[in-house]
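Text of the file structure_35.cif, holding mmCIF, C-alpha atoms:
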```cif
data_data
#
loop_
_atom_site.label_atom_id
_atom_site.label_comp_id
_atom_site.auth_asym_id
_atom_site.auth_seq_id
_atom_site.Cartn_x
_atom_site.Cartn_y
_atom_site.Cartn_z
CA MET Y 22 95.56 115.31 126.76
CA LYS Y 23 98.64 113.73 125.22
CA LEU Y 24 100.02 115.79 122.35
CA ARG Y 25 101.90 113.33 120.21
CA GLY Y 26 105.34 114.71 119.43
CA ARG Y 27 104.33 118.38 119.95
CA PRO Y 28 105.89 119.66 123.24
CA GLY Y 29 106.13 123.25 121.99
CA LEU Y 30 102.48 123.14 121.07
CA ALA Y 31 101.50 122.18 124.63
CA VAL Y 32 103.11 125.37 125.95
CA ALA Y 33 101.36 127.47 123.33
CA MET Y 34 98.02 125.91 124.26
CA GLY Y 35 98.35 127.00 127.87
CA SER Y 36 98.83 130.64 126.95
CA ALA Y 37 96.14 130.73 124.28
CA VAL Y 38 93.26 128.72 125.70
CA ILE Y 39 91.55 131.60 127.55
CA ALA Y 40 91.63 133.87 124.51
CA VAL Y 41 90.21 131.13 122.33
CA LEU Y 42 87.36 130.41 124.76
CA VAL Y 43 86.43 134.10 124.86
CA PHE Y 44 86.45 134.14 121.06
CA TYR Y 45 84.09 131.13 120.91
CA CYS Y 46 81.63 132.83 123.28
CA ALA Y 47 81.05 135.51 120.68
CA LEU Y 48 80.07 132.95 118.07
CA SER Y 49 77.28 130.44 117.59
CA GLY Y 50 76.17 127.60 115.37
CA SER Y 51 78.15 127.02 112.20
CA GLN Y 52 80.50 129.90 113.08
CA VAL Y 53 81.73 127.94 116.09
CA LEU Y 54 82.42 124.84 113.98
CA ARG Y 55 84.43 126.85 111.46
CA ALA Y 56 86.29 128.58 114.27
CA ILE Y 57 87.16 125.29 115.95
CA ALA Y 58 88.68 124.02 112.71
CA PHE Y 59 90.64 127.24 112.17
CA TYR Y 60 91.80 127.77 115.76
CA SER Y 61 92.50 124.12 116.51
CA PRO Y 62 95.41 123.88 118.98
CA TRP Y 63 96.78 121.13 116.76
CA ARG Y 64 97.11 123.54 113.84
CA ILE Y 65 100.58 124.13 112.39
CA GLU Y 66 100.70 127.46 110.62
CA GLN Y 67 103.75 126.83 108.47
CA GLN Y 68 103.13 124.75 105.39
CA LEU Y 69 103.92 121.04 105.66
CA TYR Y 70 104.09 120.44 101.90
CA LYS Y 71 105.27 122.29 98.83
CA LEU Y 72 104.27 121.85 95.20
CA ASP Y 73 106.77 120.02 93.02
CA VAL Y 74 106.48 122.32 90.00
CA GLY Y 75 108.58 119.98 87.88
CA TRP Y 76 106.18 117.04 88.14
CA PRO Y 77 105.33 115.66 85.68
CA LYS Y 78 107.99 116.49 83.13
CA HIS Y 79 105.45 116.43 80.30
CA PRO Y 80 101.94 117.39 81.48
CA GLU Y 81 100.70 117.34 77.89
CA TYR Y 82 100.06 113.62 78.34
CA PHE Y 83 97.06 114.54 80.49
CA THR Y 84 94.46 114.59 77.72
CA GLY Y 85 91.28 113.82 79.68
CA GLN Y 86 89.75 114.36 83.11
CA THR Y 87 92.18 112.97 85.67
CA PHE Y 88 89.96 111.28 88.24
CA CYS Y 89 92.38 109.24 90.33
CA VAL Y 90 96.01 108.40 91.05
CA ALA Y 91 97.81 105.43 92.63
CA ILE Y 92 101.40 105.00 93.76
CA ASP Y 93 103.54 101.87 93.48
CA PRO Y 94 106.35 102.67 95.95
CA PHE Y 95 108.27 99.45 95.35
CA HIS Y 96 108.82 100.25 91.69
CA ASP Y 97 108.63 104.07 91.91
CA LEU Y 98 105.65 104.28 89.56
CA VAL Y 99 102.61 106.56 89.42
CA TYR Y 100 99.37 105.38 87.77
CA VAL Y 101 96.83 107.99 86.64
CA ALA Y 102 93.35 107.11 85.37
CA GLN Y 103 91.54 109.61 83.18
CA ARG Y 104 88.25 109.87 81.29
CA GLY Y 105 87.40 111.17 77.88
CA ALA Y 106 86.67 110.14 74.32
CA ASN Y 107 89.61 108.67 72.43
CA VAL Y 108 92.09 109.10 75.27
CA PRO Y 109 94.20 106.43 76.97
CA LYS Y 110 92.48 105.56 80.24
CA VAL Y 111 95.63 104.81 82.27
CA LEU Y 112 98.90 106.77 82.14
CA VAL Y 113 102.06 105.50 83.83
CA PHE Y 114 104.78 107.87 85.04
CA SER Y 115 107.98 107.42 86.96
CA ASP Y 116 108.13 108.95 90.42
CA GLU Y 117 110.46 111.58 88.94
CA GLY Y 118 107.72 112.56 86.50
CA TYR Y 119 108.78 110.95 83.23
CA PHE Y 120 105.99 109.49 81.08
CA LEU Y 121 106.54 105.77 80.51
CA HIS Y 122 103.53 104.30 78.74
CA ALA Y 123 99.73 104.20 78.59
CA TRP Y 124 97.02 101.59 78.20
CA ASN Y 125 93.33 101.50 77.42
CA SER Y 126 91.77 98.12 78.08
CA THR Y 127 88.15 97.27 78.99
CA LEU Y 128 87.74 100.55 80.86
CA GLU Y 129 84.83 102.90 80.39
CA MET Y 130 84.72 105.53 83.15
CA PRO Y 131 87.46 104.98 85.74
CA HIS Y 132 86.71 106.50 89.13
CA GLY Y 133 89.12 105.08 91.74
CA ILE Y 134 92.49 103.35 91.37
CA PHE Y 135 94.73 101.43 93.77
CA ALA Y 136 98.15 99.83 93.31
CA VAL Y 137 98.88 96.66 95.30
CA SER Y 138 102.63 96.30 95.27
CA THR Y 139 105.26 93.95 96.67
CA PRO Y 140 108.88 93.49 95.58
CA THR Y 141 107.81 90.57 93.38
CA ASN Y 142 104.24 91.31 92.29
CA THR Y 143 102.06 94.30 91.40
CA SER Y 144 98.44 94.64 90.37
CA ILE Y 145 96.31 97.68 89.64
CA TRP Y 146 92.68 97.79 90.78
CA ILE Y 147 90.27 100.25 89.14
CA THR Y 148 86.61 101.00 89.81
CA ASP Y 149 84.54 101.65 86.70
CA VAL Y 150 81.34 103.71 87.04
CA GLY Y 151 80.40 103.64 83.38
CA THR Y 152 76.92 102.68 82.26
CA GLY Y 153 77.98 100.76 79.14
CA GLU Y 154 79.23 97.23 78.65
CA TYR Y 155 82.22 97.54 81.00
CA GLY Y 156 80.67 99.62 83.78
CA HIS Y 157 79.55 98.99 87.37
CA THR Y 158 82.62 96.86 88.04
CA VAL Y 159 85.89 96.67 89.94
CA LYS Y 160 88.75 95.35 87.82
CA GLN Y 161 92.23 94.02 88.50
CA TYR Y 162 94.96 94.61 85.91
CA SER Y 163 98.62 93.81 85.50
CA PRO Y 164 100.99 96.81 85.41
CA SER Y 165 100.93 96.62 81.60
CA GLY Y 166 97.12 96.68 81.42
CA LYS Y 167 96.27 92.99 81.06
CA LEU Y 168 92.86 92.24 82.60
CA ILE Y 169 93.17 89.72 85.44
CA GLN Y 170 89.90 89.81 87.38
CA VAL Y 171 86.46 91.43 87.18
CA LEU Y 172 84.25 91.90 90.25
CA GLY Y 173 80.60 92.72 89.64
CA THR Y 174 78.36 92.17 86.63
CA GLN Y 175 79.75 94.07 83.65
CA GLY Y 176 77.29 96.58 82.24
CA LYS Y 177 74.61 95.89 84.84
CA ALA Y 178 73.99 97.94 87.98
CA GLY Y 179 72.66 96.09 90.98
CA ALA Y 180 72.71 95.45 94.70
CA GLY Y 181 73.05 91.67 94.64
CA LEU Y 182 75.57 89.70 96.65
CA ASN Y 183 75.46 86.42 94.74
CA PRO Y 184 76.57 87.18 92.16
CA LEU Y 185 78.21 90.34 93.41
CA GLN Y 186 76.87 93.54 91.87
CA PHE Y 187 77.76 97.21 92.14
CA ASP Y 188 76.23 100.51 91.15
CA GLN Y 189 78.95 103.08 90.46
CA PRO Y 190 81.61 101.71 92.85
CA ALA Y 191 83.68 104.67 93.99
CA GLU Y 192 86.98 103.33 95.32
CA ILE Y 193 88.91 100.28 96.47
CA PHE Y 194 91.63 99.67 99.07
CA VAL Y 195 93.58 96.40 99.15
CA GLU Y 196 95.69 95.34 102.12
CA GLN Y 197 99.00 93.51 101.73
CA THR Y 198 97.15 90.40 102.96
CA GLY Y 199 94.92 90.62 99.89
CA GLU Y 200 91.75 91.55 101.78
CA ILE Y 201 89.68 94.13 99.92
CA TYR Y 202 87.57 97.11 100.97
CA ILE Y 203 85.18 98.71 98.47
CA VAL Y 204 82.92 101.75 98.82
CA ASP Y 205 79.99 101.23 96.47
CA GLY Y 206 77.90 104.25 95.69
CA ASP Y 207 79.15 107.24 93.74
CA GLY Y 208 75.58 108.43 93.35
CA GLY Y 209 73.99 105.09 92.47
CA MET Y 210 71.41 102.97 94.29
CA ASN Y 211 73.96 101.61 96.77
CA ASN Y 212 75.57 103.35 99.72
CA ARG Y 213 77.67 100.65 101.34
CA LEU Y 214 81.09 99.46 102.45
CA PHE Y 215 82.30 95.95 101.63
CA LYS Y 216 85.08 93.85 103.04
CA LEU Y 217 85.97 90.92 100.80
CA SER Y 218 88.29 87.97 101.38
CA THR Y 219 91.25 87.08 99.18
CA ASP Y 220 88.92 84.84 97.15
CA PHE Y 221 86.43 87.73 96.77
CA LYS Y 222 83.84 86.45 99.26
CA GLU Y 223 81.95 88.86 101.49
CA ILE Y 224 83.36 89.06 105.03
CA TRP Y 225 81.09 91.87 106.12
CA LEU Y 226 78.91 94.57 104.64
CA ARG Y 227 77.88 97.86 106.23
CA GLY Y 228 75.75 100.77 105.18
CA GLU Y 229 72.62 101.91 103.46
CA ASN Y 230 71.37 105.26 102.22
CA GLY Y 231 70.91 107.71 105.08
CA SER Y 232 72.62 110.01 107.55
CA GLY Y 233 72.46 107.85 110.68
CA VAL Y 234 75.25 105.89 112.33
CA GLY Y 235 76.80 103.54 109.80
CA GLN Y 236 74.70 104.90 106.95
CA PHE Y 237 76.16 106.65 103.91
CA LYS Y 238 75.36 109.26 101.33
CA ILE Y 239 77.95 108.81 98.59
CA PRO Y 240 80.72 106.81 100.31
CA HIS Y 241 83.53 108.07 98.11
CA SER Y 242 86.88 106.89 99.45
CA VAL Y 243 88.28 104.29 101.85
CA THR Y 244 91.59 103.57 103.56
CA VAL Y 245 92.79 101.30 106.37
CA ASP Y 246 95.34 102.04 109.09
CA SER Y 247 97.81 99.71 110.77
CA VAL Y 248 95.77 99.40 113.99
CA GLY Y 249 92.68 97.98 112.30
CA ARG Y 250 90.49 101.00 111.56
CA VAL Y 251 88.69 101.55 108.26
CA TRP Y 252 88.27 105.23 107.34
CA VAL Y 253 85.47 106.14 104.92
CA ALA Y 254 84.92 109.54 103.28
CA ASP Y 255 81.12 109.86 103.57
CA ARG Y 256 81.02 112.72 101.11
CA GLY Y 257 77.30 113.51 100.94
CA ASN Y 258 76.95 113.49 104.73
CA LYS Y 259 80.03 115.74 105.13
CA ARG Y 260 81.82 113.42 107.49
CA ILE Y 261 84.37 110.63 107.88
CA GLN Y 262 83.12 107.41 109.46
CA VAL Y 263 85.39 104.82 111.06
CA PHE Y 264 84.87 101.06 111.38
CA ASP Y 265 86.68 98.10 112.90
CA LYS Y 266 88.34 96.17 110.08
CA VAL Y 267 87.80 92.76 111.69
CA THR Y 268 84.14 93.03 112.70
CA GLY Y 269 82.86 96.02 110.74
CA GLU Y 270 81.72 97.61 114.01
CA TRP Y 271 81.18 101.38 113.85
CA LEU Y 272 83.82 103.18 115.93
CA GLY Y 273 83.01 106.86 115.45
CA SER Y 274 82.76 109.75 113.01
CA TRP Y 275 84.12 113.22 112.32
CA SER Y 276 82.07 116.08 110.94
CA SER Y 277 83.32 119.33 112.52
CA CYS Y 278 86.12 119.68 109.95
CA PHE Y 279 83.71 119.40 107.02
CA VAL Y 280 81.20 122.19 107.53
CA GLU Y 281 82.15 123.85 104.24
CA ASP Y 282 82.45 120.72 102.13
CA GLY Y 283 82.43 116.95 102.54
CA PRO Y 284 85.55 114.80 102.12
CA SER Y 285 86.01 113.27 98.68
CA SER Y 286 89.20 111.36 99.46
CA VAL Y 287 91.03 110.00 102.51
CA ARG Y 288 94.56 108.60 102.84
CA LEU Y 289 97.11 108.21 105.64
CA THR Y 290 100.65 109.54 105.65
CA ALA Y 291 103.44 106.99 105.80
CA ASN Y 292 103.94 107.36 109.55
CA GLU Y 293 100.15 107.53 110.10
CA GLU Y 294 100.51 110.78 111.99
CA TYR Y 295 98.13 112.54 109.61
CA LEU Y 296 95.13 111.90 107.39
CA ILE Y 297 95.16 113.60 103.98
CA VAL Y 298 91.67 114.62 102.85
CA ALA Y 299 90.57 116.22 99.57
CA GLN Y 300 87.59 118.61 99.55
CA LEU Y 301 86.53 118.96 95.94
CA ASN Y 302 84.05 121.84 96.02
CA ILE Y 303 86.26 124.21 98.00
CA ASN Y 304 89.47 123.23 96.15
CA ARG Y 305 91.33 122.22 99.27
CA VAL Y 306 93.56 119.44 100.58
CA THR Y 307 93.30 119.22 104.36
CA VAL Y 308 95.76 117.61 106.76
CA LEU Y 309 94.09 116.13 109.84
CA ALA Y 310 95.67 114.75 113.02
CA ALA Y 311 95.27 110.97 113.16
CA PRO Y 312 93.93 109.83 116.55
CA PRO Y 313 95.90 107.48 118.81
CA ILE Y 314 95.11 103.80 119.19
CA GLY Y 315 91.79 103.12 120.86
CA SER Y 316 90.29 106.54 120.30
CA ILE Y 317 88.54 108.30 117.46
CA GLY Y 318 87.84 111.53 119.34
CA ASP Y 319 87.28 114.77 117.49
CA CYS Y 320 88.57 116.03 114.17
CA HIS Y 321 91.61 118.35 114.31
CA VAL Y 322 92.85 120.36 111.32
CA VAL Y 323 96.64 120.55 111.32
CA ASN Y 324 97.30 122.22 107.98
CA THR Y 325 95.68 122.98 104.63
CA ILE Y 326 96.76 123.29 101.01
CA GLN Y 327 94.47 125.78 99.30
CA LEU Y 328 94.32 125.19 95.56
CA ALA Y 329 93.20 127.58 92.84
CA ASP Y 330 89.52 128.00 91.99
CA GLU Y 331 87.97 125.24 89.88
CA VAL Y 332 90.91 122.86 90.35
CA LYS Y 333 88.56 120.35 92.04
CA PRO Y 334 90.79 117.78 93.80
CA HIS Y 335 88.98 114.46 93.48
CA LEU Y 336 91.10 111.61 94.86
CA VAL Y 337 94.61 111.51 96.33
CA ASP Y 338 97.32 108.98 97.11
CA VAL Y 339 100.45 109.07 99.25
CA ASN Y 340 103.84 107.57 98.50
CA VAL Y 341 104.59 105.65 101.70
CA LYS Y 342 108.31 105.68 100.90
CA THR Y 343 108.84 109.39 100.22
CA GLY Y 344 105.78 110.93 101.90
CA ALA Y 345 104.79 112.79 98.73
CA ILE Y 346 101.08 113.50 98.11
CA TYR Y 347 99.63 113.13 94.62
CA VAL Y 348 96.35 114.94 93.90
CA ALA Y 349 94.12 114.05 90.93
CA GLU Y 350 92.31 117.21 89.86
CA ILE Y 351 89.29 116.84 87.60
CA GLY Y 352 88.84 120.59 87.10
CA ALA Y 353 92.45 121.35 86.18
CA GLN Y 354 92.73 118.00 84.37
CA GLN Y 355 96.08 117.17 85.88
CA VAL Y 356 97.81 115.42 88.76
CA GLN Y 357 100.00 117.48 91.04
CA LYS Y 358 102.69 116.29 93.44
CA TYR Y 359 103.31 117.82 96.86
CA VAL Y 360 106.47 116.93 98.76
CA PRO Y 361 106.88 117.15 102.55
CA LEU Y 362 108.96 120.01 103.89
CA THR Y 363 109.96 118.16 107.06
#
```
Output the file's structure in the form of structure tokens.
Amino acid sequence: MKLRGRPGLAVAMGSAVIAVLVFYCALSGSQVLRAIAFYSPWRIEQQLYKLDVGWPKHPEYFTGQTFCVAIDPFHDLVYVAQRGANVPKVLVFSDEGYFLHAWNSTLEMPHGIFAVSTPTNTSIWITDVGTGEYGHTVKQYSPSGKLIQVLGTQGKAGAGLNPLQFDQPAEIFVEQTGEIYIVDGDGGMNNRLFKLSTDFKEIWLRGENGSGVGQFKIPHSVTVDSVGRVWVADRGNKRIQVFDKVTGEWLGSWSSCFVEDGPSSVRLTANEEYLIVAQLNINRVTVLAAPPIGSIGDCHVVNTIQLADEVKPHLVDVNVKTGAIYVAEIGAQQVQKYVPLT
């Protein structure tokens, strides 16, 4: 086994492996799965992140349920989407935590948000799971909130492909090339993963309701790595599934790290050494070791951030420039920022 960048850990493994095997022999079933996660040889006991207690500077601007957060690293901006009656749906903060402005345009119930950013152009994509006139859609906005594009049939749930329809689309990920990945099915009739071209045409479609290979039960979050793998938080099935971004071929899945609770969000760190996963029902952010090229392998817990009861971390994003993690918490009705210690 090649331990990527962890020579000290290899020595520790040699001295501990017999004791760990004896420990496992005394356990069975779900106890073994929990033990594997806790005693993973990849685990780093010291914390990798610390809470930035000064972010944001004015948390009183959080006036609704904060469902999602997106980072624009080129312009050092943080976009937060929230729900509630008579509240602005999108709040914009500086990376330092200063409130800048808010907008509330053609949004009903935002669920996922993603910032596509280059030095010269930025757009904000938001999934809307509302059941009213604006719902069941994926929308593209300018940074100031001007509506640019609507995918789906506004106000109408469906499974159609021509025209494209959604039923409670959960999240979107957009590559720098403009290709789009959408997980459609935050509890609606659909449980599927789309890849769309830059002109919003279907490239491939995977998934249906179920627990088999390539099937989903509430596909809740999606991200793409630099070696062509699409990572999907299959929340209801308590697993992460992985697909080839070119063909849509299923590459593997992880479930051993999610015995207690399924993943609600998945993102990669800037160096793609780790996957950052939110687990809503157990109030935890989990750091997983990202597998090397050509292998999915097994799930390895490296570190955890245990949040307070009822915080309920929903979706996360990572600043690829600074490495900071931003966690949208629907229970605490806030977004918190965690900065790397190393």
**Request:** List the residues selected by the PyMOL selection byres ((chain Y and resi 213) around 12) in the file shown, writing them as number ranges by chain.
**Result:** Y: 180, 186-192, 202-212, 214-216, 225-231, 235-243, 253-255, 262, 269
**Message:** What's the separation between atom CA of Gly118 of chain Y and atom CA of Thr87 of chain Y, in Å to one decimal place?
**Reply:**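 Interatomic distance here is 15.6 Å.
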**Fill in**
Of Y:Ile261, Y:Ala291, Y:Val356, Y:Trp252, the one sitting nearest Thr343 of chain Y when using only C-alpha atoms is Y:Ala291
**Item:** Chain and number of each residue from the PyMOL selection byres ((chain Y and resi 276) around 12), as number ranges by chain
**Value:** Y: 51, 54-55, 57-58, 232, 254-263, 273-275, 277-284, 318-322
**Item:** Minimum-distance residue to His122 of chain Y, chosen among Y:Ser165, Y:Thr84, Y:Asn304, Y:Thr139 (using all atoms listed in the file)
**Value:** Y:Ser165
**Residues selected by the PyMOL selection byres ((chain Y and resi 72) around 9), written as a PyMOL selection string** = chain Y and resi 70-71+73-76+357-360
**Message:** Under the rule that all atoms listed in the file are counted, which of Y:Ser218, Y:Thr244, Y:Gln175, Y:Gln355 is the nearest residue to Gln86 of chain Y?
**Reply:** Y:Gln355
**Request:** Tell me which of Y:Ser126, Y:Thr174, Y:Asn340, Y:Thr290 sits closest to Val90 of chain Y, counting all atoms listed in the file.
**Result:**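 Smallest distance to Val90 of chain Y is found for Y:Asn340.
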**Request:** Compile the contact shell of Pro164 of chain Y as a PyMOL selection string: residues with an atom at most 7 Å away, counting only C-alpha atoms, same-chain residues fewer than 3 positions apart removed.
**Result:** chain Y and resi 143-145
**Message:** If we count all atoms listed in the file and set the cut-off at 8 Å, which residues sit around Gln103 of chain Y, ignoring sequence neighbours fewer than 4 positions away in its own chain? Please answer as a VMD selection string.
**Reply:** chain Y and resid 83 to 89 108 to 112 130 to 131
**Message:** With only C-alpha atoms as the counted atoms, please give the residues lying no more than 9 Å from Phe221 of chain Y, apart from itself and same-chain residues fewer than 2 positions off, as JSON, numbers by chain.
**Reply:** {"Y": [172, 200, 201, 216, 217, 218, 219, 223, 224]}
**Complete:** One decimal place gives the atom CA of Val341 of chain Y-atom CA of Ala102 of chain Y separation as 19.9 Å
**Request:** Within 12 Å of segment 311-317 of chain Y, counting all atoms listed in the file, which residues show up once you throw out same-chain ones fewer than 4 positions away? Write them as a ChimeraX atom specification, please.
**Result:** /Y:22-26,63,246-252,261-265,271-275,287-298,321-323
**Asked** Do you have the atom CA of Ala123 of chain Y-atom CA of Lys167 of chain Y distance handy?
**Response**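 Taking atom CA of Ala123 of chain Y and atom CA of Lys167 of chain Y, their separation equals 12.0 Å.
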**Message:** Between Y:Val337, Y:Leu69, Y:Val332, Y:Ile134, which residue has the minimum interatomic distance to Ala353 of chain Y, considering all atoms listed in the file?
**Reply:**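 Looking at the shortest contact to Ala353 of chain Y, the residue is Y:Val332.
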**Message:** When you look at Thr127 of chain Y with a cut-off of 8 Å (counting all atoms listed in the file), what residues show up, excluding the ones that are within fewer than 2 positions of it in the same chain? I need them as a ChimeraX atom specification.
**Reply:** /Y:125,129,155,168
